[in-house]
$ cat data.json   # JSON, C-alpha atoms
[["chain", "number", "residue", "atom", "x", "y", "z"],
["A", 1, "MET", "CA", 49.33, 31.68, 2.79],
["A", 2, "LYS", "CA", 46.90, 34.56, 2.81],
["A", 3, "ASN", "CA", 45.11, 33.20, -0.31],
["A", 4, "THR", "CA", 44.91, 29.74, 1.23],
["A", 5, "LEU", "CA", 43.35, 31.18, 4.37],
["A", 6, "LEU", "CA", 40.79, 33.04, 2.30],
["A", 7, "VAL", "CA", 39.86, 29.87, 0.39],
["A", 8, "VAL", "CA", 39.48, 27.85, 3.60],
["A", 9, "THR", "CA", 37.42, 30.62, 5.20],
["A", 10, "ALA", "CA", 35.16, 30.78, 2.13],
["A", 11, "MET", "CA", 34.66, 27.00, 2.21],
["A", 12, "VAL", "CA", 33.70, 27.11, 5.87],
["A", 13, "LEU", "CA", 31.23, 29.92, 5.24],
["A", 14, "VAL", "CA", 29.65, 28.01, 2.35],
["A", 15, "SER", "CA", 29.35, 24.98, 4.59],
["A", 16, "ILE", "CA", 27.71, 27.01, 7.36],
["A", 17, "VAL", "CA", 25.27, 28.62, 4.92],
["A", 18, "SER", "CA", 24.41, 25.20, 3.46],
["A", 19, "VAL", "CA", 23.82, 23.64, 6.86],
["A", 20, "GLY", "CA", 21.98, 26.72, 8.07],
["A", 21, "GLY", "CA", 19.82, 26.76, 4.95],
["A", 22, "SER", "CA", 18.92, 23.12, 5.49],
["A", 23, "LEU", "CA", 18.02, 23.77, 9.12],
["A", 24, "VAL", "CA", 15.89, 26.78, 8.20],
["A", 25, "LEU", "CA", 14.19, 24.70, 5.53],
["A", 26, "ALA", "CA", 13.43, 21.99, 8.07],
["A", 27, "ASP", "CA", 12.18, 24.49, 10.66],
["A", 28, "ASP", "CA", 9.87, 26.23, 8.18],
["A", 29, "PHE", "CA", 8.67, 23.09, 6.41],
["A", 30, "PRO", "CA", 6.15, 23.09, 4.84],
["A", 31, "SER", "CA", 6.14, 26.67, 3.60],
["A", 32, "GLN", "CA", 4.59, 25.99, 0.18],
["A", 33, "ASN", "CA", 2.47, 23.53, -1.77],
["A", 34, "ILE", "CA", 3.55, 19.89, -2.04],
["A", 35, "ASN", "CA", 3.58, 17.99, -5.33],
["A", 36, "TYR", "CA", 2.03, 14.56, -4.63],
["A", 37, "VAL", "CA", 2.52, 12.08, -7.48],
["A", 38, "ILE", "CA", 0.28, 9.02, -7.75],
["A", 39, "PRO", "CA", 1.96, 6.43, -10.01],
["A", 40, "PHE", "CA", -1.42, 5.20, -11.25],
["A", 41, "GLY", "CA", -4.36, 6.73, -13.07],
["A", 42, "PRO", "CA", -7.10, 8.66, -11.27],
["A", 43, "GLY", "CA", -10.02, 6.97, -9.53],
["A", 44, "GLY", "CA", -8.27, 4.08, -7.77],
["A", 45, "GLU", "CA", -7.83, 3.60, -4.03],
["A", 46, "SER", "CA", -4.44, 5.36, -4.05],
["A", 47, "ASP", "CA", -6.10, 8.40, -5.60],
["A", 48, "ILE", "CA", -9.12, 8.28, -3.26],
["A", 49, "THR", "CA", -6.85, 8.22, -0.23],
["A", 50, "ALA", "CA", -4.67, 11.03, -1.59],
["A", 51, "ARG", "CA", -7.78, 13.17, -2.03],
["A", 52, "HIS", "CA", -8.67, 12.62, 1.61],
["A", 53, "GLN", "CA", -5.11, 13.51, 2.66],
["A", 54, "GLN", "CA", -5.19, 16.59, 0.46],
["A", 55, "ALA", "CA", -8.12, 18.08, 2.36],
["A", 56, "PHE", "CA", -6.59, 17.47, 5.79],
["A", 57, "PHE", "CA", -3.18, 18.79, 4.73],
["A", 58, "LYS", "CA", -4.85, 22.03, 3.61],
["A", 59, "LYS", "CA", -6.72, 22.30, 6.90],
["A", 60, "MET", "CA", -3.64, 21.63, 9.03],
["A", 61, "TYR", "CA", -0.91, 23.49, 7.15],
["A", 62, "GLY", "CA", -2.66, 26.06, 4.96],
["A", 63, "HIS", "CA", -1.02, 24.80, 1.76],
["A", 64, "ASP", "CA", -2.17, 22.48, -1.00],
["A", 65, "MET", "CA", -1.19, 18.97, -1.93],
["A", 66, "ILE", "CA", -1.22, 19.18, -5.70],
["A", 67, "ILE", "CA", -2.03, 15.69, -6.94],
["A", 68, "SER", "CA", -0.74, 14.51, -10.31],
["A", 69, "TYR", "CA", -0.62, 11.12, -12.01],
["A", 70, "LYS", "CA", 2.18, 9.16, -13.65],
["A", 71, "PRO", "CA", 0.59, 5.82, -14.60],
["A", 72, "GLY", "CA", 2.24, 2.91, -16.35],
["A", 73, "GLY", "CA", 3.66, -0.51, -15.60],
["A", 74, "GLY", "CA", 1.55, -0.99, -12.49],
["A", 75, "GLY", "CA", 3.34, 1.95, -10.84],
["A", 76, "ALA", "CA", 6.81, 1.10, -12.15],
["A", 77, "VAL", "CA", 7.00, 4.09, -14.52],
["A", 78, "GLY", "CA", 6.55, 6.50, -11.63],
["A", 79, "TRP", "CA", 8.83, 4.71, -9.18],
["A", 80, "ALA", "CA", 11.62, 4.50, -11.78],
["A", 81, "GLN", "CA", 11.54, 8.31, -11.95],
["A", 82, "LEU", "CA", 11.19, 9.02, -8.23],
["A", 83, "ASN", "CA", 14.88, 9.67, -7.57],
["A", 84, "LYS", "CA", 15.09, 12.08, -10.53],
["A", 85, "MET", "CA", 12.72, 14.44, -8.72],
["A", 86, "LYS", "CA", 14.03, 17.30, -6.59],
["A", 87, "GLY", "CA", 14.65, 16.12, -3.02],
["A", 88, "ASP", "CA", 13.41, 19.12, -1.10],
["A", 89, "GLY", "CA", 10.39, 17.58, 0.63],
["A", 90, "TYR", "CA", 8.00, 19.27, -1.77],
["A", 91, "ASN", "CA", 7.99, 16.25, -4.08],
["A", 92, "ILE", "CA", 6.47, 13.05, -2.71],
["A", 93, "MET", "CA", 5.11, 9.92, -4.35],
["A", 94, "GLY", "CA", 2.66, 7.21, -3.38],
["A", 95, "ILE", "CA", 4.05, 3.68, -2.94],
["A", 96, "ASN", "CA", 2.27, 0.33, -2.87],
["A", 97, "LEU", "CA", 3.02, -3.17, -1.65],
["A", 98, "PRO", "CA", 3.51, -5.80, -2.91],
["A", 99, "HIS", "CA", 4.30, -3.80, -6.08],
["A", 100, "ILE", "CA", 7.62, -2.24, -5.00],
["A", 101, "ILE", "CA", 8.79, -5.61, -3.66],
["A", 102, "LEU", "CA", 7.71, -8.03, -6.40],
["A", 103, "GLN", "CA", 8.15, -5.91, -9.53],
["A", 104, "PRO", "CA", 11.96, -5.57, -9.23],
["A", 105, "ALA", "CA", 12.20, -9.27, -8.29],
["A", 106, "GLU", "CA", 10.35, -10.30, -11.46],
["A", 107, "LYS", "CA", 12.33, -8.23, -13.99],
["A", 108, "ASP", "CA", 14.21, -4.99, -14.61],
["A", 109, "VAL", "CA", 11.66, -2.23, -14.03],
["A", 110, "GLY", "CA", 14.05, 0.69, -13.63],
["A", 111, "PHE", "CA", 14.16, 0.63, -9.83],
["A", 112, "THR", "CA", 14.87, -1.70, -6.92],
["A", 113, "THR", "CA", 13.08, -1.96, -3.59],
["A", 114, "GLU", "CA", 16.16, -0.38, -1.99],
["A", 115, "ASP", "CA", 15.85, 2.63, -4.32],
["A", 116, "ILE", "CA", 12.59, 3.59, -2.65],
["A", 117, "THR", "CA", 12.94, 5.92, 0.35],
["A", 118, "GLY", "CA", 9.69, 5.32, 2.18],
["A", 119, "VAL", "CA", 8.81, 7.74, 4.97],
["A", 120, "TYR", "CA", 5.37, 6.51, 6.06],
["A", 121, "MET", "CA", 3.02, 3.56, 5.46],
["A", 122, "PHE", "CA", -0.41, 4.91, 6.31],
["A", 123, "HIS", "CA", -2.95, 2.18, 5.55],
["A", 124, "TYR", "CA", -3.74, -1.07, 3.86],
["A", 125, "THR", "CA", -6.80, -2.54, 2.22],
["A", 126, "PRO", "CA", -7.07, -5.95, 3.90],
["A", 127, "ASP", "CA", -7.48, -9.08, 1.81],
["A", 128, "ALA", "CA", -10.77, -10.88, 2.25],
["A", 129, "ILE", "CA", -12.60, -13.88, 0.88],
["A", 130, "VAL", "CA", -15.79, -12.58, -0.68],
["A", 131, "VAL", "CA", -18.78, -14.54, -1.96],
["A", 132, "ALA", "CA", -22.12, -13.59, -3.46],
["A", 133, "LYS", "CA", -24.98, -13.11, -0.99],
["A", 134, "ASP", "CA", -26.68, -16.29, -2.22],
["A", 135, "SER", "CA", -23.51, -18.43, -2.17],
["A", 136, "GLU", "CA", -23.66, -21.95, -0.77],
["A", 137, "PHE", "CA", -20.61, -21.04, 1.30],
["A", 138, "LYS", "CA", -21.99, -19.41, 4.44],
["A", 139, "THR", "CA", -18.75, -19.60, 6.42],
["A", 140, "LEU", "CA", -15.05, -20.02, 5.75],
["A", 141, "GLU", "CA", -15.32, -23.52, 7.22],
["A", 142, "ASP", "CA", -17.88, -24.39, 4.51],
["A", 143, "LEU", "CA", -15.52, -23.27, 1.75],
["A", 144, "VAL", "CA", -12.48, -25.07, 3.20],
["A", 145, "ALA", "CA", -14.43, -28.31, 3.68],
["A", 146, "TYR", "CA", -15.66, -28.24, 0.09],
["A", 147, "ALA", "CA", -12.18, -27.39, -1.25],
["A", 148, "LYS", "CA", -10.65, -30.36, 0.60],
["A", 149, "GLU", "CA", -13.16, -32.73, -0.96],
["A", 150, "ASN", "CA", -12.93, -31.10, -4.40],
["A", 151, "PRO", "CA", -9.31, -30.07, -5.12],
["A", 152, "ALA", "CA", -8.91, -27.15, -7.57],
["A", 153, "LYS", "CA", -12.67, -26.89, -8.15],
["A", 154, "VAL", "CA", -13.21, -23.77, -6.03],
["A", 155, "THR", "CA", -12.46, -20.87, -8.38],
["A", 156, "PHE", "CA", -11.47, -17.43, -7.12],
["A", 157, "SER", "CA", -11.34, -14.20, -9.07],
["A", 158, "GLY", "CA", -8.65, -11.74, -8.05],
["A", 159, "SER", "CA", -7.04, -8.48, -9.13],
["A", 160, "GLY", "CA", -4.17, -9.78, -11.21],
["A", 161, "LYS", "CA", -1.17, -12.09, -10.96],
["A", 162, "GLY", "CA", 1.40, -11.39, -8.26],
["A", 163, "THR", "CA", -0.94, -8.97, -6.47],
["A", 164, "SER", "CA", -1.87, -9.00, -2.80],
["A", 165, "ASN", "CA", -4.98, -11.02, -3.65],
["A", 166, "HIS", "CA", -2.91, -13.63, -5.46],
["A", 167, "LEU", "CA", -0.33, -13.92, -2.67],
["A", 168, "ALA", "CA", -3.14, -14.26, -0.11],
["A", 169, "GLN", "CA", -4.67, -17.12, -2.10],
["A", 170, "LEU", "CA", -1.33, -18.90, -2.30],
["A", 171, "ARG", "CA", -0.60, -18.46, 1.40],
["A", 172, "PHE", "CA", -4.07, -19.46, 2.53],
["A", 173, "ASP", "CA", -4.14, -22.61, 0.40],
["A", 174, "LYS", "CA", -0.92, -23.68, 2.10],
["A", 175, "MET", "CA", -2.23, -22.87, 5.59],
["A", 176, "ALA", "CA", -5.56, -24.65, 5.03],
["A", 177, "GLY", "CA", -4.11, -27.63, 3.19],
["A", 178, "ILE", "CA", -6.30, -27.06, 0.15],
["A", 179, "LYS", "CA", -5.87, -26.44, -3.57],
["A", 180, "THR", "CA", -8.02, -23.78, -5.22],
["A", 181, "THR", "CA", -7.91, -22.11, -8.64],
["A", 182, "TYR", "CA", -7.06, -18.43, -8.92],
["A", 183, "VAL", "CA", -8.27, -16.53, -11.99],
["A", 184, "ALA", "CA", -6.45, -13.24, -12.49],
["A", 185, "PHE", "CA", -8.45, -10.26, -13.73],
["A", 186, "LYS", "CA", -7.32, -6.75, -14.63],
["A", 187, "GLY", "CA", -8.20, -4.97, -11.42],
["A", 188, "THR", "CA", -10.63, -5.25, -8.55],
["A", 189, "GLY", "CA", -13.59, -4.02, -10.60],
["A", 190, "ALA", "CA", -13.26, -6.84, -13.12],
["A", 191, "ALA", "CA", -12.77, -9.40, -10.34],
["A", 192, "VAL", "CA", -15.97, -8.23, -8.62],
["A", 193, "ALA", "CA", -17.87, -8.35, -11.92],
["A", 194, "ALA", "CA", -16.75, -11.95, -12.40],
["A", 195, "LEU", "CA", -18.03, -12.86, -8.94],
["A", 196, "LEU", "CA", -21.39, -11.14, -9.39],
["A", 197, "GLY", "CA", -21.70, -12.67, -12.86],
["A", 198, "ASN", "CA", -21.27, -16.18, -11.41],
["A", 199, "GLN", "CA", -18.10, -16.77, -13.43],
["A", 200, "VAL", "CA", -16.31, -17.86, -10.24],
["A", 201, "ALA", "CA", -17.33, -19.35, -6.91],
["A", 202, "ALA", "CA", -15.67, -16.66, -4.78],
["A", 203, "GLU", "CA", -13.27, -13.74, -4.88],
["A", 204, "TRP", "CA", -9.99, -13.00, -3.19],
["A", 205, "GLY", "CA", -10.83, -9.34, -2.87],
["A", 206, "TYR", "CA", -10.51, -6.59, -0.32],
["A", 207, "THR", "CA", -12.60, -5.22, 2.51],
["A", 208, "SER", "CA", -13.31, -2.27, 0.20],
["A", 209, "VAL", "CA", -15.39, -4.69, -1.90],
["A", 210, "GLY", "CA", -17.46, -5.47, 1.17],
["A", 211, "ALA", "CA", -17.97, -1.73, 1.66],
["A", 212, "SER", "CA", -18.87, -0.84, -1.93],
["A", 213, "GLN", "CA", -20.92, -3.97, -2.71],
["A", 214, "ALA", "CA", -22.61, -4.46, 0.65],
["A", 215, "GLU", "CA", -25.98, -5.35, -0.90],
["A", 216, "SER", "CA", -24.55, -8.02, -3.19],
["A", 217, "VAL", "CA", -21.70, -9.77, -1.39],
["A", 218, "ARG", "CA", -20.73, -11.32, 1.91],
["A", 219, "MET", "CA", -17.23, -11.57, 3.36],
["A", 220, "LEU", "CA", -16.27, -14.85, 5.01],
["A", 221, "ALA", "CA", -13.07, -13.61, 6.67],
["A", 222, "VAL", "CA", -10.73, -10.60, 6.66],
["A", 223, "ALA", "CA", -6.92, -10.66, 6.84],
["A", 224, "MET", "CA", -6.49, -8.39, 9.86],
["A", 225, "ASP", "CA", -5.21, -8.66, 13.42],
["A", 226, "LYS", "CA", -8.59, -7.52, 14.73],
["A", 227, "ARG", "CA", -12.04, -7.26, 13.19],
["A", 228, "HIS", "CA", -12.65, -4.29, 10.95],
["A", 229, "PRO", "CA", -14.75, -1.57, 12.67],
["A", 230, "LYS", "CA", -17.07, -1.37, 9.66],
["A", 231, "PHE", "CA", -17.62, -5.14, 9.63],
["A", 232, "PRO", "CA", -17.87, -6.22, 13.28],
["A", 233, "ASP", "CA", -19.63, -9.48, 12.38],
["A", 234, "VAL", "CA", -16.95, -10.69, 9.96],
["A", 235, "PRO", "CA", -14.26, -12.82, 11.65],
["A", 236, "THR", "CA", -10.55, -12.50, 11.00],
["A", 237, "PHE", "CA", -8.58, -15.41, 9.57],
["A", 238, "LYS", "CA", -6.63, -15.41, 12.84],
["A", 239, "GLU", "CA", -9.80, -16.04, 14.82],
["A", 240, "LEU", "CA", -10.49, -19.04, 12.61],
["A", 241, "GLY", "CA", -7.02, -20.51, 13.07],
["A", 242, "TYR", "CA", -5.11, -19.08, 10.08],
["A", 243, "ASP", "CA", -2.26, -16.63, 10.70],
["A", 244, "LEU", "CA", -3.01, -14.42, 7.71],
["A", 245, "VAL", "CA", -2.71, -10.65, 7.93],
["A", 246, "SER", "CA", -2.26, -9.17, 4.47],
["A", 247, "GLY", "CA", -3.50, -6.66, 1.94],
["A", 248, "ALA", "CA", -2.56, -3.89, -0.44],
["A", 249, "PHE", "CA", -0.32, -1.53, 1.56],
["A", 250, "ARG", "CA", 0.03, 2.15, 0.72],
["A", 251, "GLY", "CA", 2.51, 4.78, 1.78],
["A", 252, "ILE", "CA", 4.63, 7.79, 0.86],
["A", 253, "ALA", "CA", 8.17, 7.99, -0.49],
["A", 254, "VAL", "CA", 10.55, 10.86, -1.22],
["A", 255, "PRO", "CA", 13.57, 11.11, -3.55],
["A", 256, "LYS", "CA", 16.81, 9.74, -2.09],
["A", 257, "SER", "CA", 18.37, 13.20, -2.23],
["A", 258, "THR", "CA", 15.88, 14.49, 0.36],
["A", 259, "PRO", "CA", 17.76, 15.53, 3.55],
["A", 260, "GLU", "CA", 17.27, 13.39, 6.63],
["A", 261, "GLU", "CA", 15.54, 16.10, 8.66],
["A", 262, "ILE", "CA", 13.07, 16.74, 5.82],
["A", 263, "ARG", "CA", 12.32, 13.02, 5.51],
["A", 264, "VAL", "CA", 11.36, 13.08, 9.19],
["A", 265, "LYS", "CA", 9.23, 16.20, 8.65],
["A", 266, "VAL", "CA", 7.28, 14.58, 5.80],
["A", 267, "SER", "CA", 6.81, 11.46, 7.94],
["A", 268, "ASP", "CA", 5.48, 13.59, 10.79],
["A", 269, "ILE", "CA", 3.02, 15.37, 8.47],
["A", 270, "ILE", "CA", 1.54, 12.12, 7.14],
["A", 271, "GLY", "CA", 1.42, 10.74, 10.67],
["A", 272, "LYS", "CA", -0.44, 13.81, 11.92],
["A", 273, "ILE", "CA", -3.03, 13.44, 9.14],
["A", 274, "ASN", "CA", -3.32, 9.73, 9.90],
["A", 275, "ALA", "CA", -3.99, 10.47, 13.57],
["A", 276, "ASP", "CA", -6.95, 12.73, 12.90],
["A", 277, "PRO", "CA", -10.13, 10.91, 14.06],
["A", 278, "GLU", "CA", -12.18, 12.31, 11.18],
["A", 279, "PHE", "CA", -9.60, 11.13, 8.65],
["A", 280, "ARG", "CA", -9.48, 7.67, 10.20],
["A", 281, "ALA", "CA", -13.27, 7.43, 10.10],
["A", 282, "LEU", "CA", -13.29, 8.31, 6.39],
["A", 283, "LEU", "CA", -10.81, 5.57, 5.53],
["A", 284, "GLU", "CA", -12.51, 2.96, 7.69],
["A", 285, "ASN", "CA", -15.82, 3.77, 6.05],
["A", 286, "ASP", "CA", -14.17, 3.07, 2.68],
["A", 287, "GLY", "CA", -13.19, -0.37, 4.01],
["A", 288, "MET", "CA", -9.53, 0.42, 4.63],
["A", 289, "ALA", "CA", -7.45, -0.33, 7.72],
["A", 290, "LEU", "CA", -5.17, 2.29, 9.27],
["A", 291, "LEU", "CA", -1.47, 1.60, 9.54],
["A", 292, "ASP", "CA", 1.10, 3.74, 11.34],
["A", 293, "VAL", "CA", 4.62, 2.92, 10.19],
["A", 294, "ASP", "CA", 6.79, 6.04, 10.29],
["A", 295, "TYR", "CA", 10.17, 6.79, 8.71],
["A", 296, "LYS", "CA", 12.07, 5.12, 11.53],
["A", 297, "GLY", "CA", 9.95, 1.96, 11.36],
["A", 298, "TYR", "CA", 9.84, 1.71, 7.56],
["A", 299, "PRO", "CA", 13.04, -0.37, 6.96],
["A", 300, "ALA", "CA", 12.00, -3.13, 9.39],
["A", 301, "PHE", "CA", 8.46, -3.16, 7.99],
["A", 302, "ILE", "CA", 9.71, -3.55, 4.41],
["A", 303, "ALA", "CA", 12.18, -6.26, 5.43],
["A", 304, "GLU", "CA", 9.42, -8.26, 7.10],
["A", 305, "GLN", "CA", 6.96, -7.86, 4.23],
["A", 306, "SER", "CA", 9.67, -8.68, 1.66],
["A", 307, "LYS", "CA", 10.43, -11.96, 3.38],
["A", 308, "VAL", "CA", 6.78, -13.07, 3.38],
["A", 309, "MET", "CA", 5.89, -11.83, -0.09],
["A", 310, "LEU", "CA", 9.01, -13.08, -1.87],
["A", 311, "GLU", "CA", 8.66, -16.52, -0.30],
["A", 312, "ALA", "CA", 5.04, -16.85, -1.48],
["A", 313, "ALA", "CA", 5.95, -15.57, -4.95],
["A", 314, "ARG", "CA", 8.84, -18.05, -5.30],
["A", 315, "GLU", "CA", 6.67, -20.98, -4.24],
["A", 316, "ALA", "CA", 4.17, -20.01, -6.96],
["A", 317, "ASN", "CA", 6.93, -19.55, -9.56],
["A", 318, "ILE", "CA", 5.96, -15.89, -9.96],
["A", 319, "ILE", "CA", 9.63, -15.10, -9.42],
["A", 320, "LYS", "CA", 12.73, -17.31, -9.40]]
$ encode --input "data.json" --output "structure tokens"
Amino acid sequence: MKNTLLVVTAMVLVSIVSVGGSLVLADDFPSQNINYVIPFGPGGESDITARHQQAFFKKMYGHDMIISYKPGGGGAVGWAQLNKMKGDGYNIMGINLPHIILQPAEKDVGFTTEDITGVYMFHYTPDAIVVAKDSEFKTLEDLVAYAKENPAKVTFSGSGKGTSNHLAQLRFDKMAGIKTTYVAFKGTGAAVAALLGNQVAAEWGYTSVGASQAESVRMLAVAMDKRHPKFPDVPTFKELGYDLVSGAFRGIAVPKSTPEEIRVKVSDIIGKINADPEFRALLENDGMALLDVDYKGYPAFIAEQSKVMLEAAREANIIK
């Protein structure tokens, strides 16, 4: 009886220490540097944004975000290893849509959408129809009218098959009652080069293309709820009668083993950075659009995006 009591008492004490340790960890978080994994190579928009976040995290919390890269499989190599990382809040990883939705639906990539514990979606790069400055298409109405009279003859470059650009092309064709031809290139840079080299009539690109190639291109419409602050003269698709709000979404995930209170803490940190006016101005100047979906709002956001993206991908036979 005495031994049993001792065992029970020891178990209770271990439990208290464990709970107490977790609470102390949450109260003190962050108390050290954070390892921030980008599942792509350096130099892309995920990396550029992380570098901006890194500076503001240092300013706000006095610690570093140590950025590392785990490229491969369009992000799949990194996401397949996410839940093998230590779940203490000091290991976080960038996530992208539509990647984490469409990749598992296409084939076995080592993870499912449900395996990803997202804690914050902080921005997206809106889709946009981009043409060369000297294009015959001066407005979206010009392009749609020509496409209706010439089915499949309007060619668009875009950053790959099954990407945000591709899904936007599929959805817009359906909304506008037109048929256009999408030519998939390996990345935004190659798609822009094809446009500027007159290999295609237009590009399904991003607002970041309008920012980086301002002297050479013109955007006909952007896939946002409201006009982009950097491009006040460019209408949204919604303004022109097409309910299209889309783009390449980016956020942060943690390993599934991360305690609930630490998930909330990480979400709060990214949200605080996102709320900084200077940070927001930096991203908008790069052509990005701010998004504020926290840990609590993440499941509903993913469910909504999954429905839209999977439907478009099935209609295009990208997935079954």
$ closest_residue --input "data.json" --among "A:Ser159, A:Asn96, A:Gln54, A:Thr125" --to "Phe40 in chain A" --atoms "only C-alpha atoms"
A:Asn96
$ closest_residue --input "data.json" --among "A:Tyr182, A:Glu239, A:Gly189, A:Phe249" --to "Ala316 in chain A" --atoms "only C-alpha atoms"
A:Tyr182
$ atom_distance --input "data.json" --atom1 "CA of Pro277 in chain A" --atom2 "CA of Phe56 in chain A"
11.1 Å
$ atom_distance --input "data.json" --atom1 "CA of Met288 in chain A" --atom2 "CA of Ile38 in chain A"
18.0 Å
$ closest_atom_pairs --input "data.json" --of "range 44-137 of chain A" --to "range 294-313 of chain A" --cutoff "8 Å" --atoms "all atoms listed in the file" --output "CSV"
residue,atom,partner,partner_atom,distance
A:Pro98,CA,A:Met309,CA,7.1
A:Ile101,CA,A:Ser306,CA,6.2
A:Leu102,CA,A:Leu310,CA,6.9
A:Gly118,CA,A:Tyr298,CA,6.5
A:Val119,CA,A:Tyr295,CA,4.1
A:Tyr120,CA,A:Asp294,CA,4.5
A:Met121,CA,A:Asp294,CA,6.6
$ closest_residue --input "data.json" --among "A:Gln81, A:Gln53, A:Gly73, A:Pro30" --to "Gly271 in chain A" --atoms "only C-alpha atoms"
A:Gln53
